[in-house]
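entry20.tsv follows; it contains TSV, C-alpha atoms and all ligand atoms.
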chain	number	residue	atom	x	y	z
J	760	MET	CA	-0.05	-9.23	-0.97
J	761	THR	CA	-3.33	-10.23	-2.58
J	762	GLU	CA	-5.47	-10.81	0.50
J	763	PRO	CA	-7.95	-8.12	1.50
J	764	LEU	CA	-6.43	-5.56	3.83
J	765	GLN	CA	-7.31	-5.63	7.48
J	766	ILE	CA	-6.56	-3.23	10.30
J	767	VAL	CA	-3.70	-4.48	12.45
J	768	LYS	CA	-4.40	-3.92	16.11
J	769	TYR	CA	-2.30	-3.63	19.24
J	770	PRO	CA	-0.30	-5.63	20.39
J	771	ASP	CA	0.90	-6.64	16.90
J	772	PRO	CA	4.66	-5.91	16.97
J	773	ILE	CA	4.65	-4.39	13.47
J	774	LEU	CA	3.01	-1.30	15.01
J	775	GLU	CA	6.14	-0.58	17.03
J	776	ARG	CA	8.68	-1.10	14.26
J	777	GLU	CA	10.17	1.60	12.08
J	778	THR	CA	9.10	1.24	8.44
J	779	CYS	CA	11.32	0.88	5.35
J	780	PRO	CA	11.49	3.77	2.87
J	781	VAL	CA	9.46	3.26	-0.32
J	782	GLU	CA	11.74	2.88	-3.33
J	783	THR	CA	9.31	2.06	-6.13
J	784	ILE	CA	6.06	3.91	-6.73
J	785	ASP	CA	4.21	1.74	-9.23
J	786	ASP	CA	0.70	0.51	-10.05
J	787	ALA	CA	0.83	-2.19	-7.39
J	788	LEU	CA	1.57	0.44	-4.75
J	789	ARG	CA	-1.13	2.79	-6.08
J	790	GLU	CA	-3.67	-0.03	-5.98
J	791	ARG	CA	-2.78	-0.90	-2.42
J	792	VAL	CA	-3.07	2.75	-1.40
J	793	GLN	CA	-6.61	2.83	-2.86
J	794	GLU	CA	-7.42	-0.22	-0.73
J	795	MET	CA	-6.09	1.66	2.29
J	796	PHE	CA	-8.42	4.59	1.61
J	797	ALA	CA	-11.39	2.21	1.26
J	798	LEU	CA	-10.51	0.42	4.49
J	799	MET	CA	-10.03	3.74	6.30
J	800	TYR	CA	-13.49	4.91	5.22
J	801	VAL	CA	-15.30	1.74	6.28
J	802	SER	CA	-13.46	2.01	9.61
J	803	SER	CA	-14.51	5.68	10.04
J	804	GLY	CA	-10.90	6.87	10.23
J	805	VAL	CA	-9.26	10.08	9.03
J	806	GLY	CA	-5.75	8.64	8.68
J	807	LEU	CA	-4.17	5.24	8.10
J	808	ALA	CA	-0.49	4.30	8.05
J	809	ALA	CA	0.93	1.31	6.15
J	810	PRO	CA	2.03	-0.62	9.28
J	811	GLN	CA	-1.63	-0.55	10.37
J	812	VAL	CA	-2.43	-2.84	7.45
J	813	GLY	CA	0.64	-5.00	8.08
J	814	TRP	CA	2.64	-3.28	5.35
J	815	ASP	CA	6.22	-2.36	6.17
J	816	ALA	CA	6.30	0.78	3.99
J	817	ARG	CA	6.96	4.42	4.83
J	818	LEU	CA	3.64	5.85	3.71
J	819	PHE	CA	0.31	6.94	5.05
J	820	VAL	CA	-3.00	8.25	3.78
J	821	ILE	CA	-5.31	10.87	5.24
J	822	ASN	CA	-8.69	12.38	4.59
J	823	PRO	CA	-9.62	14.92	7.29
J	824	SER	CA	-13.26	14.83	6.08
J	825	GLY	CA	-13.46	11.11	6.86
J	826	GLY	CA	-14.47	10.41	3.27
J	827	SER	CA	-17.39	12.81	2.79
J	828	ASP	CA	-15.13	14.94	0.58
J	829	LEU	CA	-12.86	12.82	-1.63
J	830	SER	CA	-10.93	15.90	-2.79
J	831	GLN	CA	-9.31	15.95	0.67
J	832	GLU	CA	-7.58	12.59	0.09
J	833	GLN	CA	-3.82	12.81	0.37
J	834	THR	CA	-1.07	10.20	0.23
J	835	PHE	CA	2.30	10.87	1.88
J	836	ILE	CA	5.16	8.65	0.73
J	837	ASN	CA	8.53	8.85	2.54
J	838	PRO	CA	7.33	11.90	4.49
J	839	GLN	CA	9.52	14.14	6.58
J	840	ILE	CA	8.34	16.82	8.95
J	841	VAL	CA	10.55	19.80	8.09
J	842	ALA	CA	9.18	22.36	10.54
J	843	ARG	CA	6.80	22.46	13.45
J	844	SER	CA	5.67	25.01	15.99
J	845	GLY	CA	3.10	25.59	18.70
J	846	ARG	CA	1.78	23.05	21.14
J	847	GLU	CA	-1.74	22.06	22.06
J	848	LEU	CA	-3.40	19.21	23.90
J	849	GLY	CA	-6.12	17.43	21.95
J	850	GLU	CA	-8.09	14.19	21.88
J	851	GLU	CA	-6.86	11.39	19.66
J	852	GLY	CA	-7.93	7.92	18.72
J	853	CYS	CA	-6.35	5.28	16.50
J	854	LEU	CA	-7.86	2.53	14.35
J	855	SER	CA	-5.36	0.10	15.88
J	856	PHE	CA	-6.81	0.89	19.34
J	857	PRO	CA	-10.59	0.82	18.82
J	858	GLY	CA	-12.54	2.60	21.53
J	859	LEU	CA	-9.57	4.38	23.09
J	860	THR	CA	-9.41	8.17	23.15
J	861	VAL	CA	-6.59	9.98	24.95
J	862	HIS	CA	-5.10	13.46	25.20
J	863	VAL	CA	-1.91	14.05	23.27
J	864	PRO	CA	0.13	17.25	22.99
J	865	ARG	CA	0.99	18.08	19.37
J	866	ALA	CA	2.43	20.95	17.40
J	867	THR	CA	-0.32	23.20	16.05
J	868	ARG	CA	1.46	24.08	12.83
J	869	LEU	CA	3.80	22.08	10.67
J	870	CYS	CA	5.38	21.73	7.30
J	871	ILE	CA	5.74	18.25	5.83
J	872	ARG	CA	7.58	17.12	2.71
J	873	ALA	CA	6.73	13.87	0.95
J	874	GLN	CA	6.31	12.16	-2.40
J	875	ASP	CA	2.91	11.71	-4.00
J	876	LEU	CA	1.55	8.72	-5.95
J	877	GLN	CA	3.40	9.91	-9.06
J	878	GLY	CA	6.68	10.11	-7.18
J	879	GLN	CA	6.69	13.92	-7.20
J	880	THR	CA	8.02	15.66	-4.12
J	881	PHE	CA	5.59	18.13	-2.56
J	882	GLU	CA	5.41	20.19	0.59
J	883	VAL	CA	2.32	21.17	2.55
J	884	GLU	CA	1.72	23.33	5.56
J	885	ALA	CA	-0.99	22.27	7.97
J	886	THR	CA	-2.48	23.60	11.18
J	887	ASP	CA	-4.52	22.33	14.12
J	888	TYR	CA	-6.66	19.27	13.28
J	889	VAL	CA	-4.86	18.36	10.05
J	890	ALA	CA	-1.47	18.99	11.67
J	891	ARG	CA	-2.51	16.60	14.44
J	892	ILE	CA	-3.50	13.86	11.97
J	893	LEU	CA	-0.21	14.26	10.10
J	894	GLN	CA	1.86	13.99	13.28
J	895	HIS	CA	-0.07	10.93	14.47
J	896	GLU	CA	0.38	9.14	11.12
J	897	HIS	CA	4.00	10.21	10.73
J	898	ASP	CA	4.71	8.72	14.16
J	899	HIS	CA	3.26	5.37	13.00
J	900	LEU	CA	5.98	5.19	10.33
J	901	LEU	CA	8.61	5.44	13.07
J	902	GLY	CA	6.88	2.80	15.21
J	903	ILE	CA	5.75	5.44	17.70
J	904	LEU	CA	2.23	4.99	19.07
J	905	PHE	CA	0.02	7.82	20.37
J	906	ILE	CA	-0.34	6.11	23.73
J	907	THR	CA	3.34	6.77	24.44
J	908	LYS	CA	2.74	10.53	24.09
J	909	ALA	CA	-0.52	10.75	26.02
J	910	THR	CA	-0.84	12.82	29.18
J	911	PRO	CA	-0.03	11.08	32.49
J	912	ALA	CA	-3.69	11.56	33.49
J	913	ASP	CA	-4.66	9.07	30.76
J	914	ARG	CA	-2.28	6.37	32.02
J	915	ILE	CA	-4.85	4.35	33.97
J	916	THR	CA	-7.31	4.32	31.04
J	917	ILE	CA	-4.51	3.28	28.68
J	918	ASP	CA	-3.17	0.51	30.91
J	919	LYS	CA	-6.66	-0.94	31.32
J	920	LYS	CA	-7.26	-0.87	27.56
J	921	LEU	CA	-3.87	-2.43	26.73
J	922	LYS	CA	-4.49	-5.22	29.20
J	923	GLU	CA	-7.86	-5.94	27.56
J	924	MET	CA	-6.36	-5.87	24.08
J	925	ARG	CA	-3.48	-8.18	25.04
J	926	ALA	CA	-5.96	-10.62	26.59
J	927	ALA	CA	-8.18	-10.48	23.48
J	928	ALA	CA	-5.16	-11.24	21.28
J	929	GLN	CA	-4.28	-14.42	23.21
J	930	PRO	CA	-5.11	-17.57	21.25
J	931	SER	CA	-7.91	-19.35	23.14
J	1001	CO	CO	-3.09	5.56	14.59
Would you mind giving the structure from this file in structure tokens?
Ligand code: CO
Amino acid sequence: MTEPLQIVKYPDPILERETCPVETIDDALRERVQEMFALMYVSSGVGLAAPQVGWDARLFVINPSGGSDLSQEQTFINPQIVARSGRELGEEGCLSFPGLTVHVPRATRLCIRAQDLQGQTFEVEATDYVARILQHEHDHLLGILFITKATPADRITIDKKLKEMRAAAQPS
């Protein structure tokens, strides 16, 4: 795993596979997580899950500020959503689906438990925008893509985009 990280895009099958729990939190993992943050920032993202860089590991990173405020960086290793409530429709995109924005219903409030980069278990509560990011990224770790949760009204847009992306992925 020494090559520079790249964003994995649909239809790469790794995006639809459930990830393996992280067992060892060491320097190699911490280094790779820093690379994920860097790649997320150059890609103008607010969240990035390990499968999106071709890494079969149950972890994701977020920064709701998009990188303008580094104190908002958070790493979630082996996360579990322990409570959620409320429901709201909102717009979502995904770095593995560049240019696609769809409407996805999500809980507006949640509590998530995970390990940090030191292996310590922590719990955070989040609402609205941050709750949405956390649910989107948590889904990635289960191989669940946001397009499968989008509103039926977005189906035509999604199908068109998927067709384009599958065609672009064909070896010429
Ligand atoms: Co995504």
Can you work out which residues are within 10 Å of ligand CO 1001 (chain J), considering only C-alpha atoms and all ligand atoms, and then hand them over as a PDB file with C-alpha atoms, in the coordinates of the input?
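File produced: result-v3.pdb:
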ATOM      1  CA  LYS J 768      -4.400  -3.920  16.110  1.00  0.00           C
ATOM      2  CA  LEU J 774       3.010  -1.300  15.010  1.00  0.00           C
ATOM      3  CA  GLY J 804     -10.900   6.870  10.230  1.00  0.00           C
ATOM      4  CA  VAL J 805      -9.260  10.080   9.030  1.00  0.00           C
ATOM      5  CA  GLY J 806      -5.750   8.640   8.680  1.00  0.00           C
ATOM      6  CA  LEU J 807      -4.170   5.240   8.100  1.00  0.00           C
ATOM      7  CA  ALA J 808      -0.490   4.300   8.050  1.00  0.00           C
ATOM      8  CA  PRO J 810       2.030  -0.620   9.280  1.00  0.00           C
ATOM      9  CA  GLN J 811      -1.630  -0.550  10.370  1.00  0.00           C
ATOM     10  CA  GLU J 851      -6.860  11.390  19.660  1.00  0.00           C
ATOM     11  CA  GLY J 852      -7.930   7.920  18.720  1.00  0.00           C
ATOM     12  CA  CYS J 853      -6.350   5.280  16.500  1.00  0.00           C
ATOM     13  CA  LEU J 854      -7.860   2.530  14.350  1.00  0.00           C
ATOM     14  CA  SER J 855      -5.360   0.100  15.880  1.00  0.00           C
ATOM     15  CA  PHE J 856      -6.810   0.890  19.340  1.00  0.00           C
ATOM     16  CA  PRO J 857     -10.590   0.820  18.820  1.00  0.00           C
ATOM     17  CA  ILE J 892      -3.500  13.860  11.970  1.00  0.00           C
ATOM     18  CA  GLN J 894       1.860  13.990  13.280  1.00  0.00           C
ATOM     19  CA  HIS J 895      -0.070  10.930  14.470  1.00  0.00           C
ATOM     20  CA  GLU J 896       0.380   9.140  11.120  1.00  0.00           C
ATOM     21  CA  HIS J 897       4.000  10.210  10.730  1.00  0.00           C
ATOM     22  CA  ASP J 898       4.710   8.720  14.160  1.00  0.00           C
ATOM     23  CA  HIS J 899       3.260   5.370  13.000  1.00  0.00           C
ATOM     24  CA  ILE J 903       5.750   5.440  17.700  1.00  0.00           C
ATOM     25  CA  LEU J 904       2.230   4.990  19.070  1.00  0.00           C
ATOM     26  CA  PHE J 905       0.020   7.820  20.370  1.00  0.00           C
ATOM     27  CA  ILE J 906      -0.340   6.110  23.730  1.00  0.00           C
TER      28      ILE J 906
END
Give the padded box for region 802-813 of chain J as lines of an AutoDock Vina configuration file: axis-aligned, covering all atoms listed in the file, 3 Å on each side, centre and edge lengths in Å to one decimal.
center_x = -6.2
center_y = 2.5
center_z = 8.3
size_x = 22.5
size_y = 21.1
size_z = 10.2
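For the residues J:Ser803, J:Thr916, J:Thr907, J:Thr783, ranking by smallest atom-to-atom distance to Leu859 (chain J) using only C-alpha atoms places J:Thr916 first.
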Please tell me which residues are no farther than 12 Å from (-5.5, 14.5, 32.7) in the file, counting only C-alpha atoms, and write them as a VMD selection string. chain J and resid 848 to 850 861 to 864 909 to 917
Tell me, as a JSON list (two decimals) with C-alpha atoms, in the coordinates of the input, which residues lie within 7 Å of Pro838 (chain J), counting all atoms listed in the file; anything in the same chain fewer than 2 positions away does not count.
[["chain", "number", "residue", "atom", "x", "y", "z"],
["J", 835, "PHE", "CA", 2.30, 10.87, 1.88],
["J", 836, "ILE", "CA", 5.16, 8.65, 0.73],
["J", 840, "ILE", "CA", 8.34, 16.82, 8.95],
["J", 871, "ILE", "CA", 5.74, 18.25, 5.83],
["J", 872, "ARG", "CA", 7.58, 17.12, 2.71],
["J", 873, "ALA", "CA", 6.73, 13.87, 0.95],
["J", 874, "GLN", "CA", 6.31, 12.16, -2.40]]
What would region 790-807 of chain J look like with N, CA, C and O atoms in place, written as an mmCIF file, in the frame of the given file?
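And here is the file that came out, result_34.cif:
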data_model
loop_
_atom_site.group_PDB
_atom_site.id
_atom_site.type_symbol
_atom_site.label_atom_id
_atom_site.label_comp_id
_atom_site.auth_asym_id
_atom_site.auth_seq_id
_atom_site.Cartn_x
_atom_site.Cartn_y
_atom_site.Cartn_z
ATOM 1 N N GLU J 790 -2.493 0.788 -6.234
ATOM 2 C CA GLU J 790 -3.670 -0.030 -5.980
ATOM 3 C C GLU J 790 -3.849 -0.291 -4.482
ATOM 4 O O GLU J 790 -4.944 -0.207 -3.941
ATOM 5 N N ARG J 791 -2.742 -0.605 -3.852
ATOM 6 C CA ARG J 791 -2.780 -0.900 -2.420
ATOM 7 C C ARG J 791 -3.175 0.339 -1.610
ATOM 8 O O ARG J 791 -3.876 0.253 -0.610
ATOM 9 N N VAL J 792 -2.701 1.493 -2.070
ATOM 10 C CA VAL J 792 -3.070 2.750 -1.400
ATOM 11 C C VAL J 792 -4.573 2.985 -1.533
ATOM 12 O O VAL J 792 -5.227 3.415 -0.575
ATOM 13 N N GLN J 793 -5.146 2.680 -2.701
ATOM 14 C CA GLN J 793 -6.610 2.830 -2.860
ATOM 15 C C GLN J 793 -7.351 1.916 -1.904
ATOM 16 O O GLN J 793 -8.383 2.288 -1.344
ATOM 17 N N GLU J 794 -6.812 0.707 -1.698
ATOM 18 C CA GLU J 794 -7.420 -0.220 -0.730
ATOM 19 C C GLU J 794 -7.329 0.349 0.678
ATOM 20 O O GLU J 794 -8.231 0.162 1.492
ATOM 21 N N MET J 795 -6.224 1.043 0.973
ATOM 22 C CA MET J 795 -6.090 1.660 2.290
ATOM 23 C C MET J 795 -7.152 2.735 2.506
ATOM 24 O O MET J 795 -7.746 2.828 3.576
ATOM 25 N N PHE J 796 -7.374 3.560 1.477
ATOM 26 C CA PHE J 796 -8.420 4.590 1.610
ATOM 27 C C PHE J 796 -9.771 3.924 1.882
ATOM 28 O O PHE J 796 -10.511 4.349 2.772
ATOM 29 N N ALA J 797 -10.087 2.882 1.101
ATOM 30 C CA ALA J 797 -11.390 2.210 1.260
ATOM 31 C C ALA J 797 -11.532 1.638 2.664
ATOM 32 O O ALA J 797 -12.582 1.789 3.308
ATOM 33 N N LEU J 798 -10.467 1.011 3.149
ATOM 34 C CA LEU J 798 -10.510 0.420 4.490
ATOM 35 C C LEU J 798 -10.634 1.510 5.562
ATOM 36 O O LEU J 798 -11.370 1.355 6.552
ATOM 37 N N MET J 799 -9.951 2.623 5.351
ATOM 38 C CA MET J 799 -10.030 3.740 6.300
ATOM 39 C C MET J 799 -11.465 4.266 6.370
ATOM 40 O O MET J 799 -11.977 4.531 7.460
ATOM 41 N N TYR J 800 -12.123 4.382 5.217
ATOM 42 C CA TYR J 800 -13.490 4.910 5.220
ATOM 43 C C TYR J 800 -14.461 3.963 5.911
ATOM 44 O O TYR J 800 -15.277 4.411 6.713
ATOM 45 N N VAL J 801 -14.359 2.653 5.621
ATOM 46 C CA VAL J 801 -15.300 1.740 6.280
ATOM 47 C C VAL J 801 -15.029 1.660 7.784
ATOM 48 O O VAL J 801 -15.893 1.288 8.555
ATOM 49 N N SER J 802 -13.817 2.039 8.193
ATOM 50 C CA SER J 802 -13.460 2.010 9.610
ATOM 51 C C SER J 802 -13.713 3.364 10.291
ATOM 52 O O SER J 802 -13.383 3.535 11.467
ATOM 53 N N SER J 803 -14.246 4.329 9.530
ATOM 54 C CA SER J 803 -14.510 5.680 10.040
ATOM 55 C C SER J 803 -13.253 6.368 10.558
ATOM 56 O O SER J 803 -13.286 7.055 11.580
ATOM 57 N N GLY J 804 -12.152 6.210 9.838
ATOM 58 C CA GLY J 804 -10.900 6.870 10.230
ATOM 59 C C GLY J 804 -10.625 8.082 9.363
ATOM 60 O O GLY J 804 -11.256 8.284 8.322
ATOM 61 N N VAL J 805 -9.679 8.917 9.812
ATOM 62 C CA VAL J 805 -9.260 10.080 9.030
ATOM 63 C C VAL J 805 -7.805 9.951 8.585
ATOM 64 O O VAL J 805 -7.304 10.783 7.832
ATOM 65 N N GLY J 806 -7.130 8.891 9.069
ATOM 66 C CA GLY J 806 -5.750 8.640 8.680
ATOM 67 C C GLY J 806 -5.443 7.164 8.847
ATOM 68 O O GLY J 806 -6.025 6.502 9.712
ATOM 69 N N LEU J 807 -4.555 6.657 7.996
ATOM 70 C CA LEU J 807 -4.170 5.240 8.100
ATOM 71 C C LEU J 807 -2.742 5.092 7.594
ATOM 72 O O LEU J 807 -2.421 5.549 6.493
#
